[in-house]
file run-v6.txt (compact mmCIF, C-alpha atoms)
# COMPACT_ATOMS: atom_id res chain seq x y z
CA MET D 1 -64.14 120.81 -60.68
CA LYS D 2 -61.23 118.40 -60.12
CA ASP D 3 -58.77 118.17 -63.00
CA THR D 4 -60.44 120.98 -64.92
CA LYS D 5 -58.58 124.20 -65.47
CA MET D 6 -60.17 127.30 -64.09
CA LYS D 7 -60.94 130.82 -65.07
CA ALA D 8 -60.98 133.63 -62.51
CA ARG D 9 -63.02 136.72 -63.17
CA ILE D 10 -62.08 139.64 -60.93
CA THR D 11 -64.24 142.72 -60.73
CA VAL D 12 -62.49 145.77 -59.31
CA THR D 13 -64.70 148.67 -58.26
CA LEU D 14 -64.10 151.92 -56.45
CA LYS D 15 -65.15 151.92 -52.82
CA THR D 16 -68.30 153.76 -51.82
CA GLY D 17 -67.46 157.37 -51.05
CA VAL D 18 -64.46 157.48 -53.40
CA LEU D 19 -65.09 160.04 -56.13
CA ASP D 20 -65.13 158.46 -59.60
CA PRO D 21 -64.39 161.20 -62.16
CA GLN D 22 -64.67 158.77 -65.09
CA GLY D 23 -68.05 157.49 -63.90
CA LYS D 24 -69.22 161.09 -63.58
CA ALA D 25 -68.12 161.87 -67.15
CA ILE D 26 -69.99 158.82 -68.46
CA GLU D 27 -73.05 159.91 -66.47
CA HIS D 28 -72.95 163.35 -68.11
CA ALA D 29 -72.40 161.83 -71.56
CA LEU D 30 -75.40 159.52 -71.15
CA ASP D 31 -77.50 162.47 -70.06
CA GLY D 32 -76.28 164.42 -73.10
CA LEU D 33 -77.38 161.54 -75.34
CA GLY D 34 -80.87 161.80 -73.90
CA PHE D 35 -80.73 158.73 -71.65
CA GLN D 36 -82.61 159.91 -68.61
CA GLY D 37 -83.14 158.29 -65.25
CA VAL D 38 -79.51 157.26 -64.65
CA ASP D 39 -78.84 158.26 -61.06
CA GLU D 40 -75.17 157.35 -60.87
CA VAL D 41 -72.45 155.70 -62.94
CA ARG D 42 -69.46 153.95 -61.37
CA GLN D 43 -66.72 152.63 -63.61
CA GLY D 44 -64.61 149.61 -62.69
CA LYS D 45 -62.35 146.99 -64.22
CA LEU D 46 -62.81 143.38 -65.22
CA ILE D 47 -59.72 141.20 -65.12
CA GLU D 48 -59.83 137.60 -66.40
CA LEU D 49 -57.21 135.02 -65.55
CA ASP D 50 -56.82 131.57 -67.09
CA LEU D 51 -55.43 129.45 -64.30
CA GLN D 52 -53.61 126.15 -64.27
CA ASP D 53 -55.11 125.43 -60.87
CA THR D 54 -57.42 122.48 -60.46
CA ASP D 55 -58.29 122.98 -56.79
CA LYS D 56 -60.87 125.70 -56.28
CA GLU D 57 -59.96 126.54 -52.72
CA ALA D 58 -56.24 126.84 -53.46
CA ALA D 59 -57.05 128.97 -56.53
CA LEU D 60 -59.21 131.32 -54.47
CA THR D 61 -56.41 131.76 -51.93
CA ARG D 62 -53.91 132.52 -54.67
CA VAL D 63 -56.15 134.93 -56.59
CA THR D 64 -57.01 136.73 -53.35
CA GLU D 65 -53.29 137.20 -52.77
CA MET D 66 -52.89 138.52 -56.34
CA CYS D 67 -55.68 141.03 -55.73
CA GLU D 68 -54.21 142.22 -52.44
CA LYS D 69 -50.70 142.50 -53.87
CA LEU D 70 -51.30 143.95 -57.33
CA LEU D 71 -54.68 143.73 -59.03
CA ALA D 72 -56.56 146.06 -56.69
CA ASN D 73 -55.48 149.02 -54.60
CA THR D 74 -57.42 148.35 -51.44
CA VAL D 75 -57.05 151.96 -50.30
CA ILE D 76 -59.61 152.96 -52.93
CA GLU D 77 -60.89 149.75 -54.51
CA ASN D 78 -62.93 146.66 -53.65
CA TYR D 79 -62.58 143.42 -55.55
CA ALA D 80 -64.82 140.42 -56.09
CA ILE D 81 -63.56 137.07 -57.37
CA GLU D 82 -65.60 134.57 -59.39
CA LEU D 83 -64.08 131.20 -60.22
CA GLU D 84 -65.43 128.89 -62.86
CA MET Y 1 -23.97 163.92 -51.51
CA ARG Y 2 -24.48 160.65 -53.35
CA SER Y 3 -27.82 160.11 -55.00
CA SER Y 4 -29.49 157.42 -57.09
CA VAL Y 5 -32.24 157.92 -59.65
CA ILE Y 6 -34.35 154.82 -60.28
CA VAL Y 7 -35.20 154.35 -63.95
CA PHE Y 8 -38.34 152.41 -64.86
CA PRO Y 9 -39.49 151.56 -68.40
CA ALA Y 10 -41.19 154.80 -69.56
CA SER Y 11 -39.76 157.02 -66.87
CA ASN Y 12 -39.29 160.31 -68.70
CA CYS Y 13 -38.14 162.81 -66.07
CA ASP Y 14 -35.15 160.74 -65.00
CA ARG Y 15 -32.77 162.87 -67.04
CA ASP Y 16 -34.23 166.15 -65.75
CA ALA Y 17 -33.85 164.81 -62.20
CA SER Y 18 -30.28 163.80 -62.92
CA VAL Y 19 -29.42 167.23 -64.38
CA ALA Y 20 -30.97 169.01 -61.37
CA LEU Y 21 -29.13 166.80 -58.89
CA GLU Y 22 -25.80 167.12 -60.68
CA GLU Y 23 -26.06 170.87 -61.10
CA ILE Y 24 -27.11 171.58 -57.55
CA THR Y 25 -25.28 168.91 -55.54
CA GLY Y 26 -22.21 168.82 -57.78
CA THR Y 27 -22.32 165.02 -58.02
CA LYS Y 28 -23.73 162.99 -60.87
CA PRO Y 29 -26.33 160.54 -59.56
CA ALA Y 30 -26.22 156.82 -60.27
CA MET Y 31 -28.95 155.86 -62.74
CA VAL Y 32 -30.33 152.57 -61.48
CA TRP Y 33 -32.41 150.33 -63.76
CA HIS Y 34 -35.58 148.92 -62.20
CA ALA Y 35 -34.52 145.32 -62.79
CA GLU Y 36 -31.49 145.69 -60.52
CA SER Y 37 -31.82 144.26 -57.04
CA THR Y 38 -29.69 146.73 -55.09
CA VAL Y 39 -29.51 150.52 -54.95
CA PRO Y 40 -25.89 151.67 -54.55
CA GLU Y 41 -24.98 153.30 -51.25
CA SER Y 42 -26.85 156.62 -51.46
CA ASP Y 43 -27.76 159.64 -49.34
CA LEU Y 44 -30.88 160.13 -51.46
CA ILE Y 45 -32.98 157.88 -53.67
CA LEU Y 46 -35.10 159.66 -56.28
CA LEU Y 47 -38.08 158.10 -58.04
CA PRO Y 48 -38.63 160.22 -61.15
CA GLY Y 49 -41.70 161.28 -63.11
CA GLY Y 50 -42.97 159.55 -66.20
CA PHE Y 51 -45.41 156.85 -67.18
CA SER Y 52 -43.74 153.74 -65.83
CA PHE Y 53 -45.09 150.60 -67.51
CA GLY Y 54 -47.48 152.76 -69.52
CA ASP Y 55 -49.57 153.49 -66.39
CA TYR Y 56 -51.10 150.03 -66.95
CA LEU Y 57 -53.49 148.77 -64.27
CA ARG Y 58 -52.94 151.88 -62.08
CA SER Y 59 -50.27 154.58 -62.27
CA GLY Y 60 -47.23 153.32 -60.37
CA ALA Y 61 -48.72 149.88 -59.63
CA MET Y 62 -46.34 147.87 -61.81
CA ALA Y 63 -43.27 149.90 -60.88
CA ALA Y 64 -44.04 149.34 -57.20
CA GLN Y 65 -43.52 145.60 -57.86
CA SER Y 66 -40.18 146.08 -59.67
CA PRO Y 67 -37.22 144.12 -58.26
CA ILE Y 68 -35.42 147.34 -57.25
CA MET Y 69 -38.35 148.51 -55.12
CA LYS Y 70 -37.71 145.80 -52.52
CA ASP Y 71 -34.37 147.45 -51.79
CA VAL Y 72 -35.80 150.99 -52.04
CA ILE Y 73 -38.44 150.04 -49.45
CA ALA Y 74 -35.85 148.40 -47.20
CA LYS Y 75 -33.53 151.42 -47.43
CA ALA Y 76 -36.40 153.87 -46.82
CA LYS Y 77 -37.38 151.87 -43.74
CA ALA Y 78 -33.76 152.07 -42.60
CA GLY Y 79 -33.95 155.87 -42.86
CA VAL Y 80 -32.49 156.65 -46.29
CA PRO Y 81 -34.29 159.73 -47.69
CA VAL Y 82 -36.51 159.04 -50.71
CA LEU Y 83 -38.00 161.67 -53.01
CA GLY Y 84 -40.80 160.67 -55.38
CA ILE Y 85 -41.82 163.18 -58.03
CA CYS Y 86 -45.11 162.78 -59.95
CA ASN Y 87 -45.01 159.14 -61.14
CA GLY Y 88 -42.49 158.64 -58.33
CA PHE Y 89 -45.14 159.81 -55.84
CA GLN Y 90 -47.59 157.34 -57.41
CA VAL Y 91 -44.99 154.57 -56.97
CA LEU Y 92 -44.50 155.58 -53.32
CA VAL Y 93 -48.21 155.28 -52.50
CA GLU Y 94 -48.49 152.01 -54.43
CA SER Y 95 -45.50 150.72 -52.43
CA GLU Y 96 -47.19 151.87 -49.23
CA LEU Y 97 -44.17 153.96 -48.26
CA LEU Y 98 -46.71 156.79 -48.24
CA PRO Y 99 -50.41 156.50 -47.37
CA GLY Y 100 -53.39 157.18 -49.64
CA ALA Y 101 -53.82 156.92 -53.39
CA LEU Y 102 -53.51 159.12 -56.48
CA MET Y 103 -56.63 158.97 -58.59
CA ARG Y 104 -57.71 160.32 -61.96
CA ASN Y 105 -57.85 164.15 -61.92
CA ARG Y 106 -61.24 165.56 -60.92
CA ASP Y 107 -61.90 166.95 -64.43
CA ILE Y 108 -60.48 163.83 -66.14
CA LYS Y 109 -58.06 165.88 -68.25
CA PHE Y 110 -54.30 165.57 -68.29
CA LEU Y 111 -52.99 168.77 -66.68
CA CYS Y 112 -49.80 170.47 -67.77
CA LYS Y 113 -49.35 173.93 -66.28
CA ASP Y 114 -47.72 175.98 -63.55
CA VAL Y 115 -49.40 175.90 -60.17
CA GLN Y 116 -48.87 177.83 -56.99
CA LEU Y 117 -47.85 175.87 -53.93
CA LYS Y 118 -47.53 176.71 -50.28
CA VAL Y 119 -44.52 175.25 -48.48
CA GLU Y 120 -46.23 174.07 -45.30
CA ARG Y 121 -43.10 173.81 -43.15
CA ASN Y 122 -39.39 174.40 -43.56
CA ASP Y 123 -37.97 172.22 -40.80
CA THR Y 124 -37.50 169.17 -43.01
CA ILE Y 125 -34.54 167.97 -45.07
CA PHE Y 126 -36.50 168.81 -48.23
CA THR Y 127 -37.61 172.37 -47.45
CA SER Y 128 -35.08 174.15 -45.20
CA LYS Y 129 -34.12 176.59 -47.98
CA TYR Y 130 -37.70 177.83 -48.28
CA ASP Y 131 -39.60 179.90 -45.72
CA ALA Y 132 -42.45 178.26 -43.86
CA GLY Y 133 -45.61 179.38 -45.65
CA GLU Y 134 -43.66 180.54 -48.72
CA LEU Y 135 -45.56 180.50 -52.00
CA ILE Y 136 -43.71 178.95 -54.92
CA THR Y 137 -44.65 178.25 -58.54
CA ILE Y 138 -43.88 174.78 -59.89
CA PRO Y 139 -45.22 172.97 -62.98
CA ILE Y 140 -47.51 169.96 -62.82
CA ALA Y 141 -47.91 167.43 -65.64
CA HIS Y 142 -50.18 164.54 -64.70
CA HIS Y 143 -53.38 162.65 -65.32
CA ASP Y 144 -53.61 160.93 -61.94
CA GLY Y 145 -52.75 163.45 -59.26
CA ASN Y 146 -55.99 163.55 -57.33
CA TYR Y 147 -54.84 162.71 -53.81
CA PHE Y 148 -57.24 160.54 -51.86
CA ALA Y 149 -56.96 159.10 -48.37
CA SER Y 150 -59.40 157.83 -45.76
CA GLU Y 151 -60.68 160.34 -43.21
CA ASP Y 152 -58.50 158.80 -40.52
CA THR Y 153 -55.39 158.98 -42.69
CA LEU Y 154 -56.10 162.59 -43.65
CA LYS Y 155 -56.53 163.53 -40.01
CA GLU Y 156 -53.28 161.79 -39.13
CA LEU Y 157 -51.42 163.58 -41.94
CA GLU Y 158 -52.78 166.96 -40.85
CA ASP Y 159 -52.29 166.37 -37.10
CA GLU Y 160 -48.70 165.24 -37.60
CA GLY Y 161 -47.84 168.10 -39.98
CA ARG Y 162 -47.11 165.68 -42.81
CA VAL Y 163 -48.58 167.75 -45.63
CA ALA Y 164 -45.52 169.12 -47.42
CA PHE Y 165 -47.11 171.27 -50.15
CA ARG Y 166 -50.63 172.48 -50.87
CA TYR Y 167 -52.19 174.00 -54.00
CA VAL Y 168 -53.10 177.59 -53.07
CA ASP Y 169 -54.28 180.89 -54.56
CA ASP Y 170 -52.32 184.14 -54.60
CA ALA Y 171 -53.33 184.87 -51.01
CA GLY Y 172 -52.01 181.47 -49.92
CA ASN Y 173 -55.46 179.99 -49.34
CA ALA Y 174 -56.21 176.39 -50.26
CA THR Y 175 -59.38 177.14 -52.23
CA GLN Y 176 -61.28 174.86 -54.60
CA GLU Y 177 -60.36 177.21 -57.48
CA ALA Y 178 -56.67 176.79 -56.69
CA ASN Y 179 -57.02 173.00 -56.59
CA PRO Y 180 -56.14 171.73 -60.08
CA ASN Y 181 -56.98 168.06 -59.69
CA GLY Y 182 -59.46 167.60 -56.86
CA SER Y 183 -56.92 166.47 -54.24
CA GLN Y 184 -58.32 166.27 -50.74
CA ASN Y 185 -57.31 169.25 -48.60
CA ASN Y 186 -55.49 170.59 -51.73
CA ILE Y 187 -52.63 168.19 -50.99
CA ALA Y 188 -49.77 168.36 -53.52
CA GLY Y 189 -47.18 166.46 -51.49
CA ILE Y 190 -46.83 164.50 -48.26
CA TYR Y 191 -44.17 163.11 -45.93
CA ASN Y 192 -43.97 159.71 -44.28
CA LYS Y 193 -43.86 159.41 -40.49
CA ASN Y 194 -40.13 160.11 -40.09
CA MET Y 195 -40.29 163.00 -42.61
CA LYS Y 196 -37.58 161.41 -44.76
CA VAL Y 197 -39.81 160.19 -47.57
CA LEU Y 198 -41.48 162.90 -49.64
CA GLY Y 199 -43.86 162.39 -52.53
CA LEU Y 200 -45.19 165.28 -54.58
CA MET Y 201 -47.04 165.67 -57.86
CA PRO Y 202 -45.40 168.97 -59.03
CA HIS Y 203 -42.01 168.87 -60.76
CA PRO Y 204 -39.36 170.93 -58.91
CA GLU Y 205 -36.64 169.42 -61.14
CA ARG Y 206 -38.16 171.23 -64.12
CA LEU Y 207 -37.68 174.66 -62.61
CA ILE Y 208 -34.05 175.05 -61.65
CA SER Y 209 -32.87 177.74 -64.05
CA LYS Y 210 -34.06 181.05 -65.45
CA GLU Y 211 -33.73 179.66 -68.96
CA LEU Y 212 -36.38 177.10 -68.09
CA GLY Y 213 -38.75 179.71 -66.71
CA GLY Y 214 -37.78 179.97 -63.08
CA THR Y 215 -35.80 178.73 -60.14
CA ASP Y 216 -38.47 177.93 -57.55
CA GLY Y 217 -37.59 174.24 -57.73
CA ARG Y 218 -33.96 174.77 -56.70
CA GLY Y 219 -34.78 175.20 -53.02
CA LEU Y 220 -35.77 171.58 -52.66
CA PHE Y 221 -32.46 170.28 -54.02
CA GLU Y 222 -30.47 172.92 -52.15
CA SER Y 223 -32.21 171.87 -48.92
CA LEU Y 224 -31.28 168.25 -49.56
CA LEU Y 225 -27.68 169.22 -50.27
CA GLU Y 226 -27.47 171.13 -47.01
CA ALA Y 227 -28.96 168.25 -45.03
CA LEU Y 228 -27.17 165.36 -46.72
CA HIS Y 229 -23.81 166.66 -47.99

call {"tool": "encode", "arguments": {"input": "run-v6.txt", "output": "structure tokens"}}
result
Amino acid sequence: MKDTKMKARITVTLKTGVLDPQGKAIEHALDGLGFQGVDEVRQGKLIELDLQDTDKEAALTRVTEMCEKLLANTVIENYAIELE
Amino acid sequence: MRSSVIVFPASNCDRDASVALEEITGTKPAMVWHAESTVPESDLILLPGGFSFGDYLRSGAMAAQSPIMKDVIAKAKAGVPVLGICNGFQVLVESELLPGALMRNRDIKFLCKDVQLKVERNDTIFTSKYDAGELITIPIAHHDGNYFASEDTLKELEDEGRVAFRYVDDAGNATQEANPNGSQNNIAGIYNKNMKVLGLMPHPERLISKELGGTDGRGLFESLLEALH
């Protein structure tokens, strides 16, 4: 990956046990449309960053800091980072 | 009593807050733009309602990172009273001056109506002009007012008497029917550990005169005046 710019894909999801009113509404809407067999819907966010970083490890450290500081609220949300 | 109202892009209750403070404390507050780095010497800092930064990412998340918030946090930690109303409450939890989070309302809808609140205690700088257990009616206007905290945090809030206001029915009971937004334990407002930072979803600044439908919001500002004059 050296000398290649990177893209970070961050998936933010609500923690287990945190009520997700939007997911519930989607669940009901799907049911109303006749899509059966959906046990639960959880809605999250996908955030993509184009990074100038070339070092994967340094990028991961930085993006983790971004998630902790702003991109996710760790009281209610989990985040997962993919770098490519 | 000197107060400062922090103004973020898309704050929209900053003027109401200013009018309430000026009318009740007799002193016009300083309006402080979010990009400033220092809050002027103040006895009270008020974070107003609105939709700061368009509620992008999460309500209050961007405002919590504003340059001015560094000084608000420092001053709050030094003991300066801070009042966060609605979006201001969201900014306070995002800044971690208050615990927990404010999530999308249980029924997804934006809520704009009067609700009944119970004043949990009256031995704080914000509530001395009310009776303990008094029921008051104050409007709410929010999309993300569903208070959530971990079990441990909730227990700590309850054990330390840090719930300021609760949504209740006419008999003063915190029932599910009286809970407009799904907040845990019907919580409408909470204090920090030293009881000098208060965040609440309802808008007391909107109910300070008969012409506006009632005066139940005055008590909060009158309490502050008595404590901080």

call {"tool": "atom_distance", "arguments": {"input": "run-v6.txt", "atom1": "CA of Val163 (chain Y)", "atom2": "CA of Gly50 (chain Y)"}}
result
22.8 Å

call {"tool": "residues_around", "arguments": {"input": "run-v6.txt", "residues": "Asp16 (chain Y)", "least_positions_apart": "2", "cutoff": "10 Å", "atoms": "only C-alpha atoms", "output": "JSON, numbers by chain"}}
result
{"Y": [12, 13, 14, 18, 19, 20, 21, 22, 48, 49, 203, 204, 205, 206, 207, 208]}

call {"tool": "closest_residue", "arguments": {"input": "run-v6.txt", "among": "Y:Leu220, Y:Met31, Y:Ala78, Y:Ala101", "to": "chain D", "atoms": "all atoms listed in the file"}}
result
Y:Ala101

call {"tool": "closest_residue", "arguments": {"input": "run-v6.txt", "among": "D:Ile26, D:Val63, D:Leu49, D:Val18", "to": "chain Y", "atoms": "all atoms listed in the file"}}
result
D:Val18

call {"tool": "interface_residues", "arguments": {"input": "run-v6.txt", "of": "chain D", "to": "chain Y", "cutoff": "10 Å", "atoms": "all atoms listed in the file", "output": "PyMOL selection string"}}
result
chain D and resi 17-22+24-25+45+47+69-76

call {"tool": "write_last_selection", "arguments": {"input": "run-v6.txt", "atoms": "C-alpha atoms", "output": "short mmCIF file (atom, residue, chain, number, x, y, z; two decimals), in the frame of the given file"}}
result
data_model
loop_
_atom_site.label_atom_id
_atom_site.label_comp_id
_atom_site.auth_asym_id
_atom_site.auth_seq_id
_atom_site.Cartn_x
_atom_site.Cartn_y
_atom_site.Cartn_z
CA GLY D 17 -67.46 157.37 -51.05
CA VAL D 18 -64.46 157.48 -53.40
CA LEU D 19 -65.09 160.04 -56.13
CA ASP D 20 -65.13 158.46 -59.60
CA PRO D 21 -64.39 161.20 -62.16
CA GLN D 22 -64.67 158.77 -65.09
CA LYS D 24 -69.22 161.09 -63.58
CA ALA D 25 -68.12 161.87 -67.15
CA LYS D 45 -62.35 146.99 -64.22
CA ILE D 47 -59.72 141.20 -65.12
CA LYS D 69 -50.70 142.50 -53.87
CA LEU D 70 -51.30 143.95 -57.33
CA LEU D 71 -54.68 143.73 -59.03
CA ALA D 72 -56.56 146.06 -56.69
CA ASN D 73 -55.48 149.02 -54.60
CA THR D 74 -57.42 148.35 -51.44
CA VAL D 75 -57.05 151.96 -50.30
CA ILE D 76 -59.61 152.96 -52.93
#

call {"tool": "atom_distance", "arguments": {"input": "run-v6.txt", "atom1": "CA of Ala188 (chain Y)", "atom2": "CA of Gly145 (chain Y)"}}
result
8.1 Å

call {"tool": "atom_distance", "arguments": {"input": "run-v6.txt", "atom1": "CA of Phe51 (chain Y)", "atom2": "CA of Val5 (chain Y)"}}
result
15.2 Å

call {"tool": "residues_around", "arguments": {"input": "run-v6.txt", "residues": "region 36-44 of chain D", "least_positions_apart": "2", "cutoff": "8 Å", "atoms": "all atoms listed in the file", "output": "count of residues only"}}
result
14

call {"tool": "residues_around", "arguments": {"input": "run-v6.txt", "residues": "Asn194 (chain Y)", "least_positions_apart": "3", "cutoff": "10 Å", "atoms": "only C-alpha atoms", "output": "number ranges by chain"}}
result
Y: 76-77, 79, 81, 124, 162, 191, 197
